[in-house]
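Undergrad: I am sharing structure_16.cif, which consists of mmCIF, C-alpha atoms and all ligand atoms:
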data_target
loop_
_atom_site.label_atom_id
_atom_site.label_comp_id
_atom_site.auth_asym_id
_atom_site.auth_seq_id
_atom_site.Cartn_x
_atom_site.Cartn_y
_atom_site.Cartn_z
CA MET A 8 119.67 113.26 118.75
CA LYS A 9 118.10 116.71 118.60
CA ALA A 10 114.55 116.86 117.26
CA VAL A 11 112.91 120.20 116.55
CA VAL A 12 109.23 121.00 116.06
CA LEU A 13 108.35 124.21 114.21
CA GLY A 14 104.77 125.11 115.04
CA ALA A 15 105.04 123.26 118.35
CA ALA A 16 102.21 125.05 120.15
CA GLY A 17 99.54 124.11 117.61
CA GLY A 18 96.90 121.41 117.42
CA ILE A 19 99.39 118.97 115.88
CA GLY A 20 102.51 120.52 117.39
CA GLN A 21 101.61 119.90 121.04
CA PRO A 22 100.71 116.19 120.90
CA LEU A 23 103.54 115.60 118.40
CA SER A 24 106.00 117.22 120.82
CA LEU A 25 104.60 115.03 123.60
CA LEU A 26 105.16 111.89 121.53
CA LEU A 27 108.69 112.98 120.60
CA LYS A 28 109.41 113.68 124.29
CA SER A 29 108.27 110.09 124.93
CA ASN A 30 110.77 108.74 122.37
CA PRO A 31 113.79 107.49 124.34
CA LEU A 32 116.09 108.02 121.34
CA VAL A 33 115.49 111.79 121.45
CA THR A 34 118.00 113.50 123.77
CA GLU A 35 117.12 117.09 122.95
CA LEU A 36 113.81 118.60 121.86
CA GLY A 37 113.66 122.14 120.50
CA LEU A 38 110.19 123.67 120.27
CA TYR A 39 109.49 126.78 118.23
CA ASP A 40 106.28 128.67 117.56
CA ILE A 41 105.18 132.27 117.23
CA VAL A 42 103.15 131.77 120.45
CA ASN A 43 103.33 129.69 123.64
CA ALA A 44 106.33 127.46 122.81
CA PRO A 45 108.16 128.16 126.11
CA GLY A 46 105.05 127.15 128.07
CA VAL A 47 104.63 123.91 126.15
CA ALA A 48 108.35 123.21 126.66
CA VAL A 49 108.26 123.71 130.44
CA ASP A 50 105.17 121.52 130.71
CA LEU A 51 106.82 118.69 128.72
CA SER A 52 110.13 119.13 130.56
CA HIS A 53 108.58 117.63 133.71
CA ILE A 54 108.06 114.27 131.96
CA ALA A 55 110.56 111.68 133.13
CA THR A 56 112.19 110.80 129.80
CA PRO A 57 115.76 111.65 128.67
CA ALA A 58 115.06 114.53 126.26
CA LYS A 59 116.03 118.03 127.40
CA VAL A 60 113.26 120.36 126.19
CA GLU A 61 113.53 124.04 125.32
CA GLY A 62 110.95 126.37 123.85
CA TYR A 63 111.57 129.46 121.74
CA LEU A 64 109.65 132.40 120.32
CA PRO A 65 110.74 134.62 117.40
CA PRO A 66 112.41 137.41 119.43
CA ASP A 67 116.07 137.09 120.41
CA ASP A 68 116.96 134.69 117.60
CA GLY A 69 114.42 132.07 118.78
CA LEU A 70 114.34 130.24 115.44
CA LYS A 71 118.14 130.16 115.25
CA LYS A 72 118.43 128.81 118.81
CA ALA A 73 115.77 126.16 118.20
CA LEU A 74 117.39 124.98 114.95
CA THR A 75 121.05 125.00 115.96
CA GLY A 76 122.33 121.42 116.26
CA ALA A 77 119.12 119.87 114.94
CA ASN A 78 119.28 116.40 113.41
CA ILE A 79 115.60 116.22 112.51
CA ILE A 80 113.10 119.03 112.04
CA VAL A 81 109.36 118.45 111.84
CA ILE A 82 107.17 121.25 110.47
CA PRO A 83 103.49 121.36 111.45
CA ALA A 84 103.44 125.21 111.38
CA GLY A 85 100.58 126.82 109.54
CA ILE A 86 96.85 127.07 109.36
CA PRO A 87 94.53 124.23 108.35
CA ARG A 88 93.09 124.69 104.85
CA LYS A 89 94.93 127.97 104.15
CA PRO A 90 97.40 126.92 101.43
CA GLY A 91 98.51 130.44 100.47
CA ILE A 92 99.39 131.44 104.04
CA ASN A 93 101.17 128.14 104.71
CA ALA A 94 103.30 128.56 101.57
CA GLY A 95 104.77 131.77 103.00
CA ILE A 96 105.23 130.28 106.48
CA VAL A 97 107.02 127.18 105.14
CA ARG A 98 109.18 129.26 102.78
CA ASP A 99 110.35 131.48 105.65
CA LEU A 100 111.04 128.54 107.96
CA ALA A 101 112.99 126.82 105.16
CA VAL A 102 115.19 129.92 104.86
CA GLY A 103 115.91 129.60 108.60
CA ILE A 104 116.74 125.89 108.24
CA ALA A 105 119.02 126.54 105.24
CA THR A 106 120.90 129.06 107.39
CA HIS A 107 121.02 127.36 110.79
CA ALA A 108 120.59 123.60 110.21
CA PRO A 109 121.35 122.88 106.53
CA LYS A 110 122.25 119.23 107.18
CA ALA A 111 119.15 118.33 109.19
CA PHE A 112 116.43 116.01 107.92
CA VAL A 113 113.28 118.04 107.24
CA LEU A 114 109.84 116.47 107.63
CA VAL A 115 107.05 118.63 106.22
CA ILE A 116 103.53 118.24 107.63
CA SER A 117 102.16 121.71 106.74
CA ASN A 118 99.64 121.54 103.92
CA PRO A 119 99.41 121.37 100.99
CA VAL A 120 102.26 118.84 101.29
CA ASN A 121 102.28 118.34 97.50
CA SER A 122 103.39 121.99 97.20
CA THR A 123 105.12 122.73 100.53
CA VAL A 124 107.78 120.03 99.96
CA PRO A 125 108.78 121.60 96.59
CA ILE A 126 108.80 124.97 98.39
CA VAL A 127 111.38 123.73 100.93
CA ALA A 128 113.43 122.14 98.13
CA GLU A 129 113.42 125.31 95.99
CA VAL A 130 114.47 127.46 98.94
CA PHE A 131 117.32 125.04 99.66
CA LYS A 132 118.34 125.13 95.96
CA LYS A 133 118.45 128.93 96.03
CA LYS A 134 120.50 128.81 99.23
CA GLY A 135 122.89 126.16 97.82
CA VAL A 136 122.09 123.48 100.45
CA PHE A 137 119.67 121.23 98.54
CA ASP A 138 119.97 117.50 99.17
CA PRO A 139 116.86 115.62 98.01
CA LYS A 140 117.70 112.71 100.32
CA ARG A 141 116.93 114.80 103.39
CA ILE A 142 113.53 116.36 102.60
CA PHE A 143 110.37 114.38 103.33
CA GLY A 144 106.67 115.11 102.93
CA VAL A 145 104.78 113.37 105.73
CA THR A 146 102.05 111.21 104.17
CA THR A 147 101.94 108.75 107.07
CA LEU A 148 98.42 109.75 108.08
CA ASP A 149 97.15 108.30 104.80
CA VAL A 150 98.97 105.07 105.60
CA VAL A 151 97.62 105.02 109.16
CA ARG A 152 94.07 105.61 107.89
CA ALA A 153 94.48 102.81 105.34
CA SER A 154 95.56 100.38 108.09
CA THR A 155 92.61 101.37 110.27
CA PHE A 156 89.93 101.28 107.58
CA VAL A 157 91.22 98.04 106.02
CA SER A 158 91.21 96.32 109.42
CA GLU A 159 87.62 97.53 109.86
CA ILE A 160 86.53 96.12 106.50
CA ILE A 161 88.22 92.81 107.33
CA GLY A 162 86.16 92.96 110.52
CA ASP A 163 89.02 92.70 113.03
CA ARG A 164 90.26 95.94 114.58
CA SER A 165 92.99 94.09 116.43
CA LEU A 166 94.70 93.80 113.05
CA SER A 167 95.00 97.58 112.67
CA THR A 168 98.52 97.67 114.13
CA SER A 169 99.77 94.96 111.78
CA VAL A 170 97.94 95.79 108.53
CA THR A 171 100.20 97.69 106.13
CA VAL A 172 98.98 99.15 102.86
CA PRO A 173 101.30 101.18 100.63
CA VAL A 174 99.75 104.57 99.84
CA VAL A 175 101.44 106.37 96.96
CA GLY A 176 101.11 109.57 94.90
CA GLY A 177 100.67 112.64 97.06
CA HIS A 178 98.73 113.95 100.04
CA SER A 179 95.43 115.39 98.86
CA GLY A 180 92.24 113.96 97.40
CA VAL A 181 92.76 111.94 94.24
CA THR A 182 96.55 112.17 94.52
CA ILE A 183 96.26 109.77 97.50
CA VAL A 184 96.43 106.29 95.94
CA PRO A 185 96.08 103.32 98.29
CA LEU A 186 97.42 100.11 96.75
CA LEU A 187 94.93 97.76 98.37
CA SER A 188 96.12 94.84 96.22
CA GLN A 189 99.42 95.04 98.14
CA SER A 190 97.79 95.05 101.58
CA SER A 191 99.64 92.78 103.99
CA HIS A 192 96.20 91.38 104.88
CA PRO A 193 94.07 90.73 101.79
CA ILE A 194 90.58 92.16 101.67
CA PRO A 195 88.10 89.25 101.66
CA SER A 196 86.70 88.52 98.20
CA SER A 197 83.22 88.67 99.73
CA VAL A 198 83.56 92.47 100.07
CA ALA A 199 81.47 94.15 97.34
CA SER A 200 83.32 96.26 94.78
CA SER A 201 81.17 99.25 95.74
CA ASP A 202 82.48 98.87 99.31
CA ILE A 203 86.05 98.79 97.98
CA ASP A 204 85.36 102.00 96.05
CA ALA A 205 83.95 103.56 99.21
CA LEU A 206 87.04 102.43 101.14
CA ILE A 207 89.38 104.05 98.60
CA ASN A 208 87.32 107.24 98.69
CA ARG A 209 87.41 107.27 102.51
CA ILE A 210 91.22 106.98 102.53
CA GLN A 211 91.53 109.72 99.90
CA PHE A 212 89.15 112.10 101.67
CA GLY A 213 89.79 111.12 105.31
CA GLY A 214 90.88 114.69 106.00
CA ASP A 215 87.40 115.96 105.02
CA GLU A 216 85.75 113.47 107.37
CA VAL A 217 87.66 114.99 110.32
CA VAL A 218 87.15 118.61 109.21
CA LYS A 219 83.39 117.99 108.96
CA ALA A 220 83.21 116.28 112.36
CA LYS A 221 85.22 119.07 114.03
CA ASP A 222 82.71 121.51 112.56
CA GLY A 223 84.83 124.65 112.31
CA ALA A 224 87.46 123.66 114.89
CA GLY A 225 90.17 122.67 112.43
CA SER A 226 91.43 119.46 110.85
CA ALA A 227 93.09 116.25 112.03
CA THR A 228 95.53 116.94 114.87
CA LEU A 229 95.74 113.91 117.19
CA SER A 230 95.83 111.26 114.47
CA MET A 231 98.31 113.47 112.60
CA ALA A 232 100.52 113.77 115.67
CA PHE A 233 100.45 109.97 116.01
CA ALA A 234 101.35 109.57 112.34
CA GLY A 235 104.03 112.29 112.46
CA ALA A 236 105.66 110.72 115.51
CA GLU A 237 105.58 107.31 113.85
CA PHE A 238 107.34 108.61 110.74
CA ALA A 239 109.80 110.75 112.73
CA GLY A 240 110.55 107.71 114.92
CA LYS A 241 111.50 105.70 111.84
CA VAL A 242 113.71 108.48 110.50
CA ILE A 243 115.43 108.76 113.90
CA ARG A 244 116.08 105.01 114.01
CA ALA A 245 117.53 105.14 110.48
CA LEU A 246 119.70 108.13 111.44
CA ASN A 247 120.95 106.07 114.38
CA GLY A 248 122.16 103.42 111.95
CA GLU A 249 119.31 100.89 112.09
CA LYS A 250 119.03 99.10 108.74
CA GLY A 251 116.01 97.98 106.75
CA ILE A 252 113.62 100.79 107.66
CA VAL A 253 111.01 101.55 105.01
CA ALA A 254 108.30 104.21 105.15
CA PRO A 255 106.17 105.87 102.50
CA SER A 256 106.95 109.55 102.02
CA TYR A 257 106.50 112.28 99.40
CA VAL A 258 110.01 112.95 98.11
CA ASN A 259 111.97 114.46 95.25
CA LEU A 260 112.69 111.54 92.93
CA ALA A 261 116.27 112.79 92.47
CA ALA A 262 116.81 111.35 95.98
CA ASP A 263 116.98 107.92 94.35
CA LYS A 264 120.23 106.84 92.65
CA THR A 265 118.34 106.14 89.43
CA GLY A 266 116.24 109.29 89.72
CA GLY A 267 113.20 107.08 90.30
CA GLU A 268 113.48 105.77 86.74
CA ALA A 269 111.34 102.64 87.20
CA LEU A 270 108.72 104.58 89.14
CA LYS A 271 108.49 107.28 86.46
CA LYS A 272 107.97 104.59 83.83
CA GLU A 273 105.16 103.07 85.88
CA ILE A 274 103.55 106.49 86.42
CA GLY A 275 103.97 107.37 82.74
CA LYS A 276 105.19 110.88 83.57
CA ASP A 277 108.51 112.49 84.42
CA LEU A 278 107.30 113.85 87.77
CA GLU A 279 109.74 115.59 90.10
CA TYR A 280 107.95 114.49 93.30
CA PHE A 281 105.95 111.42 94.25
CA SER A 282 105.07 109.56 97.41
CA ALA A 283 106.22 105.95 97.55
CA PRO A 284 107.76 103.55 100.07
CA VAL A 285 111.25 104.85 100.78
CA GLU A 286 114.19 102.91 102.20
CA LEU A 287 115.89 105.03 104.86
CA GLY A 288 119.51 105.20 106.02
CA THR A 289 121.91 107.45 107.90
CA GLU A 290 122.04 109.87 104.93
CA GLY A 291 118.28 109.91 104.42
CA VAL A 292 116.66 108.33 101.37
CA VAL A 293 118.60 105.25 100.25
CA LYS A 294 116.14 104.05 97.64
CA ILE A 295 112.65 104.89 96.42
CA ARG A 296 110.72 101.75 95.68
CA SER A 297 108.75 101.44 92.47
CA LEU A 298 105.11 100.46 92.54
CA GLY A 299 105.61 96.86 91.47
CA LYS A 300 102.61 94.77 90.54
CA ILE A 301 99.37 96.74 90.76
CA THR A 302 95.90 96.11 89.38
CA GLU A 303 94.40 97.83 86.34
CA ALA A 304 92.05 99.75 88.62
CA GLU A 305 95.06 100.98 90.61
CA GLN A 306 96.79 102.02 87.39
CA VAL A 307 93.74 104.16 86.63
CA LEU A 308 94.03 105.79 90.09
CA VAL A 309 97.74 106.49 89.57
CA LYS A 310 97.02 108.14 86.19
CA ALA A 311 94.24 110.20 87.77
CA ALA A 312 96.68 111.53 90.39
CA VAL A 313 99.15 112.91 87.85
CA PRO A 314 97.45 116.17 86.68
CA ASP A 315 96.91 117.42 90.26
CA LEU A 316 100.46 116.47 91.22
CA VAL A 317 101.89 118.35 88.24
CA SER A 318 99.91 121.47 89.06
CA ASN A 319 100.62 121.28 92.85
CA ILE A 320 104.37 120.87 92.22
CA ASP A 321 104.38 123.75 89.70
CA LYS A 322 102.62 125.99 92.22
CA GLY A 323 105.25 125.28 94.89
CA VAL A 324 108.17 125.78 92.53
CA SER A 325 106.86 129.03 91.04
CA PHE A 326 106.00 130.39 94.51
CA VAL A 327 109.69 130.30 95.42
CA GLU A 328 110.84 131.42 91.96
CA ALA A 329 108.80 134.58 92.42
CA ALA A 330 110.19 135.20 95.91
CA LYS A 331 113.16 137.35 96.84
CA LEU A 332 115.06 135.38 99.47
N1 LIG A 401 100.44 116.19 106.35
C1 LIG A 401 99.29 115.87 106.87
O1 LIG A 401 98.85 114.72 106.76
C2 LIG A 401 98.49 116.85 107.65
C3 LIG A 401 98.82 118.18 107.63
N2 LIG A 401 98.11 119.10 108.36
C4 LIG A 401 98.54 120.50 108.28
O2 LIG A 401 99.34 120.84 109.42
C5 LIG A 401 99.30 122.25 109.64
C6 LIG A 401 99.04 122.58 111.10
O3 LIG A 401 97.77 122.14 111.50
P1 LIG A 401 97.25 122.37 113.01
O4 LIG A 401 98.30 122.00 113.98
O5 LIG A 401 95.92 121.75 113.10
O6 LIG A 401 97.11 123.95 113.02
P2 LIG A 401 97.08 124.94 114.28
O7 LIG A 401 96.57 126.23 113.78
O8 LIG A 401 96.40 124.30 115.44
O9 LIG A 401 98.62 125.08 114.67
C7 LIG A 401 99.56 125.66 113.83
C8 LIG A 401 100.64 126.30 114.67
O10 LIG A 401 101.59 126.90 113.79
C9 LIG A 401 102.00 128.10 114.40
N3 LIG A 401 102.60 129.00 113.43
C10 LIG A 401 102.00 129.84 112.54
N4 LIG A 401 102.93 130.52 111.85
C11 LIG A 401 104.13 130.11 112.30
C12 LIG A 401 105.46 130.44 111.98
N5 LIG A 401 105.74 131.36 111.05
N6 LIG A 401 106.45 129.83 112.65
C13 LIG A 401 106.19 128.91 113.59
N7 LIG A 401 104.94 128.53 113.94
C14 LIG A 401 103.93 129.14 113.31
C15 LIG A 401 100.74 128.67 115.05
O11 LIG A 401 101.06 129.63 116.04
C16 LIG A 401 100.12 127.41 115.62
O12 LIG A 401 100.56 127.16 116.95
C17 LIG A 401 98.24 122.77 108.67
O13 LIG A 401 98.88 123.27 107.51
C18 LIG A 401 97.44 121.53 108.32
O14 LIG A 401 96.76 121.64 107.11
C19 LIG A 401 97.06 118.72 109.15
C20 LIG A 401 96.70 117.39 109.22
C21 LIG A 401 97.36 116.36 108.44
O1 LIG A 402 92.58 117.55 105.32
C1 LIG A 402 93.21 118.38 105.99
O2 LIG A 402 93.02 119.60 105.93
C2 LIG A 402 94.28 117.87 106.91
C3 LIG A 402 94.94 116.72 106.32
O3 LIG A 402 95.87 116.85 105.52
C4 LIG A 402 94.45 115.38 106.62
O4 LIG A 402 93.64 115.21 107.55
O5 LIG A 402 94.88 114.43 105.94
#
Please rewrite the model in this file as structure tokens.

TA:
Amino acid sequence: MKAVVLGAAGGIGQPLSLLLKSNPLVTELGLYDIVNAPGVAVDLSHIATPAKVEGYLPPDDGLKKALTGANIIVIPAGIPRKPGINAGIVRDLAVGIATHAPKAFVLVISNPVNSTVPIVAEVFKKKGVFDPKRIFGVTTLDVVRASTFVSEIIGDRSLSTSVTVPVVGGHSGVTIVPLLSQSSHPIPSSVASSDIDALINRIQFGGDEVVKAKDGAGSATLSMAFAGAEFAGKVIRALNGEKGIVAPSYVNLAADKTGGEALKKEIGKDLEYFSAPVELGTEGVVKIRSLGKITEAEQVLVKAAVPDLVSNIDKGVSFVEAAKL
């Protein structure tokens, strides 16, 4: 099982690489960055876990060497809150993946996820290697935040590891839609509706909370690495043949046999991408779950997510259309 991290020397890349090195199912870890990847790799290589670690820089075919033989590729390359720059970085890395590891599963962390996932897909389409079942936008941090904040509002932090709340839509602001009515642990009816509204807002804008607290030193890195490793760990287990693994992810709805028909009906729009709980298997997406029973208030949130999603997806698609690859 070869896992590769593109952007491995960054704020997310380093702790994410550490967590992947700690995963006993990973036998090879390829680290790539435009700076410092060999140093990070040697450091991690001293850890007594099975994975063989190698680090690569752009010269001497570094990207090709990192990607060759990859089963799963995680992309946290880019700059926090610089969507235009990240679009170009992700496009170029996708070209490399299409050439050197076209069958690998690709997990996109680089923001804006709502646009960078369509960018990877459009590059793969142009290169003739597109398979919607193998491209994932990582929205796990929203799910992790929902578990944490819901356990806090219930008043029992020890629940945070067992609380699960589906978070659907996309990964930015109002496109992040937590379905609190489907929380594994119901929110007590004594909680005021204004506190529920504040909880939803905190999940949707959790990224801003971290950016503000870091005060110029970037966005979420450690919690993102935790979330990225959690999602990658599930994908790896599914790749290894474990059945019944479900994780929310932002995917192309064509990945579902029905094209996400039920989901599109619930959303009320023929969207190409949406984040929803996804059933995973050895070939990637097996099924994208529909929303199921949600409250009227949640229906309003889903509707409110649609315009931003449409415009974010369009931006990603047209960015690649305009590019010469
Ligand atoms: N999906 C999500 O929930 C989240 C996504 N993010 C996004 O993750 C990305 C990375 O964030 P940080 O790690 O904090 O940034 P960072 O600036 O600390 O690290 C980014 C790394 O990418 C590398 N890089 C830049 N261009 C590259 C290229 N062409 N090829 C390979 N590596 C390249 C840089 O050298 C750097 O080491 C940002 O786009 C950020 O917005 C951040 C938090 C949550
Ligand atoms: O908000 C940001 O810039 C980083 C991010 O995606 C998050 O923390 O969810």

Undergrad: Which is closer to Gln211 in chain A than all the others in A:Leu260, A:Ile92, A:Ala312, A:Val124, using all atoms listed in the file?

TA: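 Ranking A:Leu260, A:Ile92, A:Ala312, A:Val124 by distance to Gln211 in chain A, first place goes to A:Ala312.
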
Undergrad: Go through A:Val293, A:Val115, A:Leu74, A:Val151 one by one, measure the shortest atom-to-atom distance of each to Gly267 in chain A using only C-alpha atoms, and give the residue with the smallest value.

TA: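 For Gly267 in chain A, the nearest of the candidates is A:Val293.
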
Undergrad: From the options A:Ala128, A:Ala199, A:Ile116, A:Ile194, which residue's atoms come nearest to Ser154 in chain A, counting only C-alpha atoms?

TA: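 When distances to Ser154 in chain A are compared using only C-alpha atoms, the smallest one comes from A:Ile194.
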
Undergrad: Identify which of the residues A:Leu186, A:Val81, A:Ile86, A:Val285 lies closest to Ile301 in chain A, counting all atoms listed in the file when measuring atom-to-atom distances.

TA: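 The closest residue to Ile301 in chain A is A:Leu186.
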
Undergrad: Might you pull out every residue within 12 Å of Ile126 in chain A, with only C-alpha atoms counted and same-chain residues fewer than 6 positions away left off, and present them as a ChimeraX atom specification?

TA: /A:90-91,93-102,115,117-120,132-133,137,142-144,259,280,319-330
